[in-house]
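Chemist: One structure, as structure tokens, below. Some questions next.
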Amino acid sequence: MQAHTEIHIGALIKAKMHEQGRRSAWLAEKLPCDRSNVYRIFKNPSIDTALLTRISEILGYNFFSHYNT
């Protein structure tokens with residue numbers, strides 16, 4: 001059995017946005033939510049699946065691919 005690697009989804013979202021040259025204000029506008037909520041998402045190691053689905057669509061990246069079944 002392999003060791004479980006903890007996924008920090010907020011950090012992955014932040015990294016993907018940085019890679020795409022996006023800013024927090026841009027994601028806040030797309031969601032739509034307050035920019036402070038975006039900063040909370042970045043700090044959170046977990047996220048609601050509906051919100052993760054929406055962010056995946058916005059950024060054009062499947063964040064669910066980081067999770068094993």
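Residues in the structure tokens are named by chain (A, B, ... in the order shown) and by number from 1 within that chain; ligands are numbered from 1 in the order shown.
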Using only C-alpha atoms, which protein or nucleic acid residues come within 9 Å of region 20-33 of chain A? Drop anything in the same chain fewer than 2 positions from it, and give the result as a VMD selection string.
Modeler: chain A and resid 14 to 18 35 to 39 51 54 to 55 58 to 59
Chemist: Can you check which residues of chain A DSSP gives as helix (DSSP H, G or I) on the backbone and send them as a VMD selection string?
Modeler: chain A and resid 9 to 20 24 to 30 35 to 43 49 to 59 63 to 66
Chemist: Find the residues near region 62-66 of chain A: any atom within 10 Å, counting only C-alpha atoms, skip ones fewer than 6 places away on the same chain, and give them as a CSV table (one decimal) with C-alpha atoms, in the first residue's frame.
Modeler:
```
chain,number,residue,atom,x,y,z
A,7,ILE,CA,-3.1,17.5,-1.6
A,8,HIS,CA,-3.4,21.2,-0.8
A,9,ILE,CA,-6.0,22.2,-3.4
A,12,LEU,CA,-2.7,24.1,-6.6
A,13,ILE,CA,-5.3,26.6,-7.7
A,16,LYS,CA,-2.3,27.3,-11.8
A,49,THR,CA,-16.6,19.9,-5.0
A,52,LEU,CA,-13.8,23.1,-7.4
A,53,THR,CA,-15.8,22.1,-10.5
A,55,ILE,CA,-12.9,26.8,-10.7
A,56,SER,CA,-11.8,24.0,-13.0
```
Chemist: To one decimal in Å, tell me the separation between CA of Glu6 (chain A) and CA of Phe42 (chain A).
Modeler: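 The value is 15.2 Å.
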Chemist: Restricting the calculation to only C-alpha atoms, which member of A:Tyr67, A:Ala50, A:Tyr61, A:Pro45 is positioned closest to Ala11 (chain A)?
Modeler: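 The shortest atom-to-atom distance to Ala11 (chain A) comes from A:Pro45.
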